Structures are given as C-alpha cells and as structure tokens.
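> Hey, dropping data25.pdb in here, PDB, C-alpha atoms, pLDDT in the B column:
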MODEL        1
ATOM      1  CA  MET D   1      14.482  12.576   3.132  1.00 66.00           C
ATOM      2  CA  THR D   2      15.648  11.581  -0.336  1.00 77.00           C
ATOM      3  CA  ARG D   3      13.695  12.429  -3.455  1.00 79.00           C
ATOM      4  CA  ALA D   4      12.859   8.758  -3.895  1.00 80.00           C
ATOM      5  CA  ALA D   5      11.347   8.721  -0.393  1.00 80.00           C
ATOM      6  CA  GLN D   6       9.387  11.882  -1.155  1.00 83.00           C
ATOM      7  CA  ASN D   7       7.903  10.312  -4.273  1.00 86.00           C
ATOM      8  CA  LEU D   8       7.162   7.095  -2.411  1.00 87.00           C
ATOM      9  CA  LEU D   9       5.337   9.128   0.240  1.00 86.00           C
ATOM     10  CA  LEU D  10       3.166  10.715  -2.462  1.00 89.00           C
ATOM     11  CA  ILE D  11       2.228   7.236  -3.663  1.00 90.00           C
ATOM     12  CA  LEU D  12       1.375   6.117  -0.129  1.00 89.00           C
ATOM     13  CA  LEU D  13      -0.798   9.195   0.433  1.00 89.00           C
ATOM     14  CA  GLY D  14      -2.640   8.561  -2.823  1.00 92.00           C
ATOM     15  CA  ALA D  15      -3.136   4.901  -1.938  1.00 91.00           C
ATOM     16  CA  ALA D  16      -4.450   5.819   1.520  1.00 89.00           C
ATOM     17  CA  ILE D  17      -7.011   8.213   0.034  1.00 92.00           C
ATOM     18  CA  LEU D  18      -8.143   5.596  -2.471  1.00 93.00           C
ATOM     19  CA  TRP D  19      -8.439   3.039   0.333  1.00 91.00           C
ATOM     20  CA  ILE D  20     -10.810   5.096   2.476  1.00 91.00           C
ATOM     21  CA  THR D  21     -12.733   6.334  -0.562  1.00 93.00           C
ATOM     22  CA  LEU D  22     -13.209   3.234  -2.736  1.00 93.00           C
ATOM     23  CA  VAL D  23     -12.539   0.286  -0.406  1.00 92.00           C
ATOM     24  CA  SER D  24     -13.461   0.970   3.224  1.00 88.00           C
ATOM     25  CA  GLY D  25     -15.786   3.937   2.603  1.00 90.00           C
ATOM     26  CA  GLU D  26     -14.516   5.593   5.783  1.00 90.00           C
ATOM     27  CA  TYR D  27     -14.062   8.929   4.015  1.00 92.00           C
ATOM     28  CA  VAL D  28     -17.630   9.812   5.072  1.00 93.00           C
ATOM     29  CA  ASN D  29     -16.299   9.983   8.657  1.00 92.00           C
ATOM     30  CA  TYR D  30     -14.372  13.100   7.636  1.00 92.00           C
ATOM     31  CA  VAL D  31     -16.134  14.784   4.681  1.00 92.00           C
ATOM     32  CA  ARG D  32     -19.509  14.838   2.951  1.00 91.00           C
ATOM     33  CA  PRO D  33     -20.274  12.013   0.485  1.00 93.00           C
ATOM     34  CA  GLY D  34     -20.223  14.529  -2.386  1.00 92.00           C
ATOM     35  CA  PHE D  35     -16.440  14.785  -2.033  1.00 94.00           C
ATOM     36  CA  ARG D  36     -15.950  11.201  -3.228  1.00 94.00           C
ATOM     37  CA  HIS D  37     -15.096  12.034  -6.832  1.00 95.00           C
ATOM     38  CA  PRO D  38     -12.749  14.954  -6.001  1.00 95.00           C
ATOM     39  CA  LEU D  39     -10.931  12.696  -3.534  1.00 95.00           C
ATOM     40  CA  VAL D  40     -10.477   9.988  -6.157  1.00 96.00           C
ATOM     41  CA  ALA D  41      -9.141  12.580  -8.613  1.00 96.00           C
ATOM     42  CA  ALA D  42      -6.721  13.961  -6.000  1.00 95.00           C
ATOM     43  CA  ALA D  43      -5.525  10.452  -5.157  1.00 94.00           C
ATOM     44  CA  ALA D  44      -4.944   9.664  -8.825  1.00 96.00           C
ATOM     45  CA  ALA D  45      -2.924  12.872  -9.202  1.00 95.00           C
ATOM     46  CA  LEU D  46      -0.747  11.973  -6.187  1.00 92.00           C
ATOM     47  CA  LEU D  47      -0.154   8.483  -7.540  1.00 94.00           C
ATOM     48  CA  ALA D  48       0.786   9.841 -10.981  1.00 94.00           C
ATOM     49  CA  LEU D  49       3.156  12.444  -9.544  1.00 92.00           C
ATOM     50  CA  GLY D  50       4.816   9.926  -7.244  1.00 90.00           C
ATOM     51  CA  ALA D  51       5.219   7.329  -9.988  1.00 92.00           C
ATOM     52  CA  ALA D  52       6.622   9.908 -12.418  1.00 91.00           C
ATOM     53  CA  GLY D  53       9.098  11.096  -9.802  1.00 87.00           C
ATOM     54  CA  LEU D  54      10.298   7.583  -9.023  1.00 87.00           C
ATOM     55  CA  ARG D  55      10.685   6.818 -12.716  1.00 87.00           C
ATOM     56  CA  ARG D  56      12.738   9.990 -13.197  1.00 87.00           C
ATOM     57  CA  GLU D  57      14.943   9.140 -10.220  1.00 81.00           C
ATOM     58  CA  TRP D  58      15.550   5.583 -11.401  1.00 82.00           C
ATOM     59  CA  ARG D  59      16.364   6.698 -14.937  1.00 82.00           C
ATOM     60  CA  GLY D  60      18.704   9.388 -13.622  1.00 71.00           C
ATOM     61  CA  ALA D  61      20.453   6.903 -11.373  1.00 65.00           C
ATOM     62  CA  GLY D  62      20.966   4.556 -14.287  1.00 61.00           C
ATOM     63  CA  GLY D  63      22.412   7.359 -16.443  1.00 57.00           C
ATOM     64  CA  ASP D  64      24.851   8.458 -13.738  1.00 55.00           C
ATOM     65  CA  ASP D  65      26.535   5.056 -13.780  1.00 53.00           C
ATOM     66  CA  HIS D  66      27.847   5.693 -17.310  1.00 51.00           C
ATOM     67  CA  GLU D  67      28.900   9.346 -16.958  1.00 52.00           C
ATOM     68  CA  PRO D  68      32.579  10.191 -16.471  1.00 50.00           C
ATOM     69  CA  HIS D  69      33.255  11.997 -13.210  1.00 50.00           C
ATOM     70  CA  ASP D  70      36.169  14.173 -14.414  1.00 50.00           C
ATOM     71  CA  HIS D  71      35.550  16.616 -17.271  1.00 49.00           C
ATOM     72  CA  GLY D  72      38.969  18.259 -17.074  1.00 47.00           C
ATOM     73  CA  HIS D  73      37.890  21.256 -15.013  1.00 50.00           C
ATOM     74  CA  GLY D  74      39.948  20.637 -11.958  1.00 48.00           C
ATOM     75  CA  GLY D  75      37.375  18.416 -10.339  1.00 47.00           C
ATOM     76  CA  HIS D  76      34.839  21.229  -9.963  1.00 49.00           C
ATOM     77  CA  GLY D  77      32.439  20.121 -12.713  1.00 47.00           C
ATOM     78  CA  HIS D  78      29.472  22.214 -13.800  1.00 49.00           C
ATOM     79  CA  GLY D  79      27.195  21.567 -10.811  1.00 46.00           C
ATOM     80  CA  HIS D  80      27.146  22.648  -7.232  1.00 48.00           C
ATOM     81  CA  GLY D  81      28.549  19.454  -5.778  1.00 47.00           C
ATOM     82  CA  GLY D  82      31.822  21.167  -4.963  1.00 46.00           C
ATOM     83  CA  HIS D  83      30.052  23.357  -2.404  1.00 50.00           C
ATOM     84  CA  GLY D  84      29.091  20.414  -0.195  1.00 49.00           C
ATOM     85  CA  HIS D  85      25.308  20.804  -0.593  1.00 50.00           C
ATOM     86  CA  ASP D  86      23.076  17.806  -1.343  1.00 52.00           C
ATOM     87  CA  HIS D  87      20.029  19.184  -3.156  1.00 51.00           C
ATOM     88  CA  SER D  88      18.525  15.719  -3.679  1.00 53.00           C
ATOM     89  CA  ARG D  89      17.320  15.549  -0.076  1.00 59.00           C
ATOM     90  CA  GLY D  90      14.361  17.291   1.516  1.00 59.00           C
ATOM     91  CA  PRO D  91      14.050  18.482   5.128  1.00 68.00           C
ATOM     92  CA  ARG D  92      13.529  15.856   7.786  1.00 72.00           C
ATOM     93  CA  VAL D  93      10.281  17.499   8.846  1.00 71.00           C
ATOM     94  CA  ALA D  94       8.793  16.224   5.569  1.00 68.00           C
ATOM     95  CA  TRP D  95       8.504  12.804   7.233  1.00 73.00           C
ATOM     96  CA  LEU D  96       5.540  14.249   9.156  1.00 76.00           C
ATOM     97  CA  LEU D  97       3.564  13.747   5.956  1.00 71.00           C
ATOM     98  CA  ALA D  98       3.667  10.042   6.777  1.00 75.00           C
ATOM     99  CA  LEU D  99       1.447  10.605   9.832  1.00 79.00           C
ATOM    100  CA  PRO D 100      -1.848  10.791   7.846  1.00 74.00           C
ATOM    101  CA  VAL D 101      -0.946   7.513   6.159  1.00 76.00           C
ATOM    102  CA  LEU D 102      -0.298   5.836   9.515  1.00 77.00           C
ATOM    103  CA  ALA D 103      -3.496   7.321  10.930  1.00 75.00           C
ATOM    104  CA  ILE D 104      -5.584   5.928   8.083  1.00 74.00           C
ATOM    105  CA  PHE D 105      -4.076   2.443   7.940  1.00 74.00           C
ATOM    106  CA  VAL D 106      -3.337   1.900  11.648  1.00 74.00           C
ATOM    107  CA  ILE D 107      -5.712   4.067  13.710  1.00 75.00           C
ATOM    108  CA  ALA D 108      -8.598   4.856  11.307  1.00 75.00           C
ATOM    109  CA  PRO D 109     -10.145   7.704  13.371  1.00 80.00           C
ATOM    110  CA  PRO D 110     -13.905   7.163  13.798  1.00 85.00           C
ATOM    111  CA  ALA D 111     -16.664   9.655  13.110  1.00 88.00           C
ATOM    112  CA  LEU D 112     -17.300  12.383  15.668  1.00 90.00           C
ATOM    113  CA  GLY D 113     -19.338  11.189  18.614  1.00 90.00           C
ATOM    114  CA  SER D 114     -20.515  11.977  22.121  1.00 89.00           C
ATOM    115  CA  PHE D 115     -17.197  13.476  23.257  1.00 88.00           C
ATOM    116  CA  THR D 116     -17.436  16.217  20.633  1.00 86.00           C
ATOM    117  CA  ALA D 117     -21.166  16.720  21.170  1.00 86.00           C
ATOM    118  CA  ALA D 118     -20.737  17.005  24.951  1.00 81.00           C
ATOM    119  CA  ARG D 119     -18.404  19.983  24.507  1.00 77.00           C
ATOM    120  CA  ASP D 120     -21.406  22.022  23.306  1.00 65.00           C
ATOM    121  CA  ALA D 121     -23.889  20.511  25.753  1.00 59.00           C
ATOM    122  CA  GLY D 122     -24.307  23.812  27.570  1.00 58.00           C
ATOM    123  CA  ARG D 123     -25.979  25.573  24.675  1.00 60.00           C
ATOM    124  CA  ALA D 124     -28.767  24.700  22.258  1.00 63.00           C
ATOM    125  CA  ALA D 125     -28.073  24.446  18.554  1.00 68.00           C
ATOM    126  CA  PRO D 126     -29.654  27.229  16.473  1.00 75.00           C
ATOM    127  CA  PRO D 127     -32.756  25.914  14.680  1.00 78.00           C
ATOM    128  CA  PRO D 128     -32.107  24.964  11.040  1.00 81.00           C
ATOM    129  CA  ALA D 129     -33.795  27.152   8.462  1.00 79.00           C
ATOM    130  CA  PRO D 130     -36.901  25.607   6.864  1.00 79.00           C
ATOM    131  CA  PRO D 131     -36.952  24.803   3.147  1.00 82.00           C
ATOM    132  CA  ALA D 132     -37.672  27.666   0.775  1.00 81.00           C
ATOM    133  CA  ASP D 133     -41.226  26.380   0.214  1.00 81.00           C
ATOM    134  CA  GLY D 134     -41.733  25.430   3.881  1.00 82.00           C
ATOM    135  CA  PHE D 135     -42.047  22.017   5.505  1.00 87.00           C
ATOM    136  CA  ARG D 136     -44.306  19.524   3.810  1.00 86.00           C
ATOM    137  CA  PRO D 137     -47.593  18.727   5.620  1.00 83.00           C
ATOM    138  CA  LEU D 138     -47.259  15.797   7.991  1.00 86.00           C
ATOM    139  CA  PRO D 139     -49.222  12.669   7.033  1.00 80.00           C
ATOM    140  CA  ALA D 140     -52.424  11.971   8.905  1.00 72.00           C
ATOM    141  CA  SER D 141     -51.547   8.279   9.437  1.00 73.00           C
ATOM    142  CA  ALA D 142     -51.015   7.020  12.972  1.00 72.00           C
ATOM    143  CA  GLY D 143     -47.571   5.578  12.184  1.00 84.00           C
ATOM    144  CA  PRO D 144     -44.378   7.395  13.188  1.00 93.00           C
ATOM    145  CA  VAL D 145     -42.892   9.842  10.701  1.00 94.00           C
ATOM    146  CA  ASP D 146     -39.208   9.402   9.866  1.00 95.00           C
ATOM    147  CA  MET D 147     -37.342  12.690  10.250  1.00 95.00           C
ATOM    148  CA  THR D 148     -33.793  13.865  10.223  1.00 95.00           C
ATOM    149  CA  MET D 149     -32.677  15.656  13.349  1.00 94.00           C
ATOM    150  CA  GLY D 150     -32.477  18.890  11.387  1.00 93.00           C
ATOM    151  CA  GLU D 151     -36.061  18.602  10.181  1.00 94.00           C
ATOM    152  CA  PHE D 152     -37.312  17.749  13.646  1.00 95.00           C
ATOM    153  CA  LEU D 153     -35.550  20.725  15.230  1.00 94.00           C
ATOM    154  CA  GLY D 154     -36.807  23.024  12.477  1.00 92.00           C
ATOM    155  CA  ARG D 155     -40.399  21.832  12.835  1.00 93.00           C
ATOM    156  CA  ALA D 156     -40.170  21.988  16.630  1.00 93.00           C
ATOM    157  CA  HIS D 157     -38.948  25.591  16.543  1.00 90.00           C
ATOM    158  CA  GLU D 158     -41.683  26.525  14.059  1.00 90.00           C
ATOM    159  CA  ALA D 159     -44.335  24.946  16.267  1.00 90.00           C
ATOM    160  CA  GLN D 160     -42.823  26.398  19.442  1.00 89.00           C
ATOM    161  CA  THR D 161     -42.958  29.965  18.154  1.00 86.00           C
ATOM    162  CA  GLY D 162     -46.223  29.564  16.239  1.00 84.00           C
ATOM    163  CA  ASP D 163     -48.884  26.875  16.170  1.00 83.00           C
ATOM    164  CA  LEU D 164     -48.136  24.032  18.612  1.00 84.00           C
ATOM    165  CA  SER D 165     -50.576  21.722  16.816  1.00 83.00           C
ATOM    166  CA  LYS D 166     -48.227  21.512  13.816  1.00 87.00           C
ATOM    167  CA  LEU D 167     -46.107  18.965  15.681  1.00 92.00           C
ATOM    168  CA  GLU D 168     -47.671  18.266  19.062  1.00 88.00           C
ATOM    169  CA  GLY D 169     -48.879  14.670  19.405  1.00 89.00           C
ATOM    170  CA  VAL D 170     -47.346  13.555  16.078  1.00 92.00           C
ATOM    171  CA  PRO D 171     -45.218  10.407  16.553  1.00 94.00           C
ATOM    172  CA  VAL D 172     -41.792  10.750  14.939  1.00 96.00           C
ATOM    173  CA  ARG D 173     -38.821   8.440  14.478  1.00 97.00           C
ATOM    174  CA  LEU D 174     -35.315   9.901  14.986  1.00 98.00           C
ATOM    175  CA  THR D 175     -31.902   8.301  14.513  1.00 98.00           C
ATOM    176  CA  GLY D 176     -28.710   9.337  16.290  1.00 97.00           C
ATOM    177  CA  PHE D 177     -26.116   8.402  18.882  1.00 97.00           C
ATOM    178  CA  VAL D 178     -26.467   8.556  22.648  1.00 97.00           C
ATOM    179  CA  THR D 179     -24.913  11.521  24.458  1.00 93.00           C
ATOM    180  CA  PRO D 180     -25.018  11.833  28.261  1.00 87.00           C
ATOM    181  CA  SER D 181     -26.814  14.933  29.530  1.00 81.00           C
ATOM    182  CA  GLY D 182     -25.729  17.283  32.291  1.00 70.00           C
ATOM    183  CA  ASP D 183     -26.173  16.396  35.940  1.00 63.00           C
ATOM    184  CA  ASP D 184     -29.026  18.879  36.343  1.00 67.00           C
ATOM    185  CA  GLU D 185     -30.857  17.756  33.190  1.00 75.00           C
ATOM    186  CA  ARG D 186     -33.499  15.067  33.055  1.00 83.00           C
ATOM    187  CA  GLY D 187     -33.275  12.301  30.495  1.00 90.00           C
ATOM    188  CA  TRP D 188     -30.407  11.960  28.051  1.00 94.00           C
ATOM    189  CA  ARG D 189     -29.576  13.313  24.626  1.00 94.00           C
ATOM    190  CA  LEU D 190     -29.942  11.876  21.162  1.00 96.00           C
ATOM    191  CA  THR D 191     -27.489  13.626  18.844  1.00 95.00           C
ATOM    192  CA  ARG D 192     -26.597  13.777  15.189  1.00 95.00           C
ATOM    193  CA  MET D 193     -23.738  15.882  13.839  1.00 93.00           C
ATOM    194  CA  LYS D 194     -24.386  18.276  10.957  1.00 92.00           C
ATOM    195  CA  ILE D 195     -21.504  19.118   8.617  1.00 92.00           C
ATOM    196  CA  ALA D 196     -21.356  21.618   5.772  1.00 90.00           C
ATOM    197  CA  CYS D 197     -18.020  20.491   4.334  1.00 91.00           C
ATOM    198  CA  CYS D 198     -15.990  18.313   6.685  1.00 91.00           C
ATOM    199  CA  ALA D 199     -15.815  17.118  10.287  1.00 89.00           C
ATOM    200  CA  GLY D 200     -13.944  20.305  11.199  1.00 87.00           C
ATOM    201  CA  ASP D 201     -17.134  22.412  10.897  1.00 88.00           C
ATOM    202  CA  ALA D 202     -19.468  19.885  12.555  1.00 89.00           C
ATOM    203  CA  VAL D 203     -22.362  21.202  14.663  1.00 89.00           C
ATOM    204  CA  PRO D 204     -24.289  18.895  17.041  1.00 92.00           C
ATOM    205  CA  PHE D 205     -28.070  18.628  16.684  1.00 93.00           C
ATOM    206  CA  PRO D 206     -29.227  17.327  20.103  1.00 93.00           C
ATOM    207  CA  VAL D 207     -32.667  16.290  21.292  1.00 94.00           C
ATOM    208  CA  ARG D 208     -33.446  15.516  24.923  1.00 94.00           C
ATOM    209  CA  VAL D 209     -35.035  12.061  25.320  1.00 96.00           C
ATOM    210  CA  THR D 210     -37.216  11.082  28.270  1.00 95.00           C
ATOM    211  CA  GLY D 211     -39.283   8.000  29.072  1.00 94.00           C
ATOM    212  CA  VAL D 212     -36.725   5.277  28.285  1.00 95.00           C
ATOM    213  CA  PRO D 213     -33.449   4.279  29.981  1.00 95.00           C
ATOM    214  CA  ARG D 214     -30.219   5.666  28.522  1.00 94.00           C
ATOM    215  CA  PRO D 215     -28.088   3.184  26.570  1.00 96.00           C
ATOM    216  CA  PRO D 216     -24.271   3.471  26.742  1.00 96.00           C
ATOM    217  CA  ALA D 217     -22.741   6.608  25.258  1.00 94.00           C
ATOM    218  CA  ASP D 218     -22.088   6.550  21.495  1.00 96.00           C
ATOM    219  CA  THR D 219     -24.633   3.762  20.949  1.00 97.00           C
ATOM    220  CA  TRP D 220     -26.584   4.355  17.741  1.00 97.00           C
ATOM    221  CA  VAL D 221     -30.314   4.108  18.339  1.00 98.00           C
ATOM    222  CA  ARG D 222     -33.631   4.758  16.638  1.00 98.00           C
ATOM    223  CA  VAL D 223     -36.190   6.380  18.938  1.00 98.00           C
ATOM    224  CA  VAL D 224     -39.941   6.730  18.390  1.00 97.00           C
ATOM    225  CA  GLY D 225     -41.733   9.360  20.418  1.00 96.00           C
ATOM    226  CA  VAL D 226     -43.639  12.627  20.425  1.00 95.00           C
ATOM    227  CA  TRP D 227     -42.455  16.190  20.791  1.00 95.00           C
ATOM    228  CA  GLU D 228     -42.940  17.763  24.203  1.00 94.00           C
ATOM    229  CA  PRO D 229     -43.552  21.523  23.884  1.00 92.00           C
ATOM    230  CA  PRO D 230     -41.438  23.773  26.110  1.00 88.00           C
ATOM    231  CA  PRO D 231     -43.152  25.683  28.941  1.00 85.00           C
ATOM    232  CA  PRO D 232     -44.761  29.028  28.025  1.00 82.00           C
ATOM    233  CA  SER D 233     -41.867  30.942  29.604  1.00 79.00           C
ATOM    234  CA  LYS D 234     -39.512  29.493  26.987  1.00 79.00           C
ATOM    235  CA  ARG D 235     -41.767  29.728  23.950  1.00 75.00           C
ATOM    236  CA  HIS D 236     -39.604  32.402  22.319  1.00 74.00           C
ATOM    237  CA  ARG D 237     -36.180  31.139  23.380  1.00 78.00           C
ATOM    238  CA  THR D 238     -33.792  28.699  21.707  1.00 77.00           C
ATOM    239  CA  VAL D 239     -34.074  25.487  23.707  1.00 83.00           C
ATOM    240  CA  VAL D 240     -33.003  21.862  23.515  1.00 88.00           C
ATOM    241  CA  HIS D 241     -36.231  20.220  22.405  1.00 92.00           C
ATOM    242  CA  THR D 242     -37.596  17.175  24.206  1.00 94.00           C
ATOM    243  CA  LEU D 243     -38.826  13.912  22.719  1.00 96.00           C
ATOM    244  CA  ARG D 244     -41.030  11.824  25.012  1.00 96.00           C
ATOM    245  CA  ALA D 245     -39.993   8.368  23.871  1.00 97.00           C
ATOM    246  CA  ARG D 246     -42.309   5.429  23.363  1.00 96.00           C
ATOM    247  CA  SER D 247     -39.773   2.896  22.071  1.00 96.00           C
ATOM    248  CA  LEU D 248     -36.053   2.557  21.419  1.00 97.00           C
ATOM    249  CA  GLN D 249     -34.131   0.281  19.065  1.00 97.00           C
ATOM    250  CA  LYS D 250     -30.355  -0.157  18.970  1.00 97.00           C
ATOM    251  CA  ILE D 251     -28.941  -0.096  15.430  1.00 97.00           C
ATOM    252  CA  ASP D 252     -25.599  -0.235  13.647  1.00 96.00           C
ATOM    253  CA  LYS D 253     -23.853   3.009  12.805  1.00 94.00           C
ATOM    254  CA  PRO D 254     -25.266   4.365   9.521  1.00 94.00           C
ATOM    255  CA  LYS D 255     -23.032   4.370   6.480  1.00 91.00           C
ATOM    256  CA  ASN D 256     -23.120   8.165   6.581  1.00 93.00           C
ATOM    257  CA  PRO D 257     -22.992   9.221  10.247  1.00 94.00           C
ATOM    258  CA  TYR D 258     -23.611  12.914   9.540  1.00 95.00           C
ATOM    259  CA  GLU D 259     -26.490  14.986   8.244  1.00 91.00           C
TER     260      GLU D 259
ENDMDL
END
Go ahead and render the structure in this file as structure tokens.

Amino acid sequence: MTRAAQNLLLILLGAAILWITLVSGEYVNYVRPGFRHPLVAAAAALLALGAAGLRREWRGAGGDDHEPHDHGHGGHGHGHGGHGHDHSRGPRVAWLLALPVLAIFVIAPPALGSFTAARDAGRAAPPPAPPADGFRPLPASAGPVDMTMGEFLGRAHEAQTGDLSKLEGVPVRLTGFVTPSGDDERGWRLTRMKIACCAGDAVPFPVRVTGVPRPPADTWVRVVGVWEPPPPSKRHRTVVHTLRARSLQKIDKPKNPYE
C-alpha cells in the first residue's frame, strides 16, 4: 500500500464516520447518542490528516521531477534507495482498514436484535438499580403508564421482593422487539437492549408477554398490559417478569434502538 493510498484510506474512514453520524444517523446502532460529537471530531481529524498527507505526497512528487538524480557520489546518493528498500509503501495487511468503510457503505450492519438476545435467553437479566431518590409514584389515572424496559424491570423487582401493590394491576406500555421464547416457556419475549457505551457491552432486558399472539421475530411493537407477579416460591429469585398483554401495536424501529 502506497502512502497516497494510506492517506486516501484515512479520508474514506473519516467520510464514513461523518456519513453515519450526520447523514444517516445509523451511529446509534453501535454507540450511545452522546458519542455524536466525539465521532464528528474524530472524523474531522481523520479527514485533515488524510488531506495533509495527500498534499505532502503530491508536492513531494512534483519536486522530485526537477531534482537531478546523480550528485557525483557514485550513484549511491544520500538516501537508502541503494539498499533496495521502498519505505514509501506500507504492509499489505493495512488494506484491512478498508473493511469498516465497505461495511458502512455496503452492508450497514443493523442494531442488535433477537439473535443476540436469544443467546442469553436461558438466564434473567439482573434488575436495574432504582434511582437514587427511588421510583416516582405511579399516577392514579386509569390510562397506561409509559415505561422503559429498565424501569419496568426495576419496579417489578421492587414489588416482587416487597409490596406487590406497588405495581400489580397498573397498566403499563412497553416498547421493544419480538424475541422467540424457549420451547418450554409460555408466551414470547419483548426485549430491549441496554448499552453503557457501545453495542459490544449490550445486555438484553426481556419481558415475557402472554395473552396476545407473537408477531415475527425482530418486529418492533408497543404492548399495553399489566404485570403478573411471580409465584410465592420465586418471590426472592431473579426471574423473567411477565406482562399479561391487553393490546399490541406494531411500530417502526425507534431512532435510538437501545436504552
């Protein structure tokens, strides 16, 4: 790989990052939205480095056309050219850096879905910690309460190990994608992935759904239902909580697919 190709690859990488960050918005499939500005800064740095390198190469190439090739030193010159080494080329393995560019422009990997969530289907996610000042009181209105999956699991665990009335009978509305359940499990699972930094540390937040037919896997849905307390024998165990559904609505994938 020549130095010009290396610099061109830096420009392509920077352009790819800008594309998914400022144009398509697909960067949220891989990292949290808060990384938008650092990604733009990194892309700008790659573009600047690549452009500066190309400019230096082009100027150097233009200057070489006017330099004499024999300085009267027996053809050896002052450089290392006489040793047969070409230091202007990088290793061929450097072309692997083009793979992320191809992946972004050609494949555009989607957000994590049911395949990833199903790998952890055999165990329940640990309940998220409640806020420092505790969960806010639920409204007394009869309408469903919108909750994130994390809040629902946290409230369900708090009610399961304490006062069931804190959540029992309260209609809630949850949003996630459909994940098939195990063969020995009733219903199906509604899942949302939780990330701390990027898709590499994603943890599935599943809820078992009963009472409505299962849509196709990876379908994004909004489900309204009520929490079904676990049996007394499981009151103090980490379980996959159950939502007894009353209605289901298919929706488009949210702009930010993670919590």
> Using all atoms listed in the file, can you tell me which of D:Ala199, D:Leu167, D:Pro126, D:Lys255 comes closest to Val239 in chain D?
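Answer, going by the shortest atom-to-atom distance: D:Pro126.
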> With 4 Å of padding per side, what axis-aligned box (centre and edge lengths, Å, one decimal) covers all the listed atoms of range 225-236 of chain D? Give it as JSON.

{"center_x": -42.1, "center_y": 20.9, "center_z": 25.0, "size_x": 13.2, "size_y": 31.0, "size_z": 17.2}
> Between D:Gly211, D:Pro100, D:Pro180, D:Pro137, single out the one closest to Ala118 in chain D, counting all atoms listed in the file.
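Ranking D:Gly211, D:Pro100, D:Pro180, D:Pro137 by distance to Ala118 in chain D, first place goes to D:Pro180.
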> List the spatial neighbours of Gly14 in chain D as JSON, numbers by chain - criterion: any atom at most 8 Å away, all atoms listed in the file, same-chain residues fewer than 6 positions off excluded.
{"D": [42, 43, 44, 45, 46, 47]}
> Mind writing the picked residues with C-alpha atoms as an mmCIF file, in the frame of the given file?

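Contents of out.cif, as written:
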data_model
loop_
_atom_site.group_PDB
_atom_site.id
_atom_site.type_symbol
_atom_site.label_atom_id
_atom_site.label_comp_id
_atom_site.auth_asym_id
_atom_site.auth_seq_id
_atom_site.Cartn_x
_atom_site.Cartn_y
_atom_site.Cartn_z
ATOM 1 C CA ALA D 42 -6.721 13.961 -6.000
ATOM 2 C CA ALA D 43 -5.525 10.452 -5.157
ATOM 3 C CA ALA D 44 -4.944 9.664 -8.825
ATOM 4 C CA ALA D 45 -2.924 12.872 -9.202
ATOM 5 C CA LEU D 46 -0.747 11.973 -6.187
ATOM 6 C CA LEU D 47 -0.154 8.483 -7.540
#
> For the atom pair CA of Gln249 in chain D and CA of Pro216 in chain D, what is the interatomic distance in Å to one decimal place?
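Rounded to one decimal, the two atoms are 12.9 Å apart.
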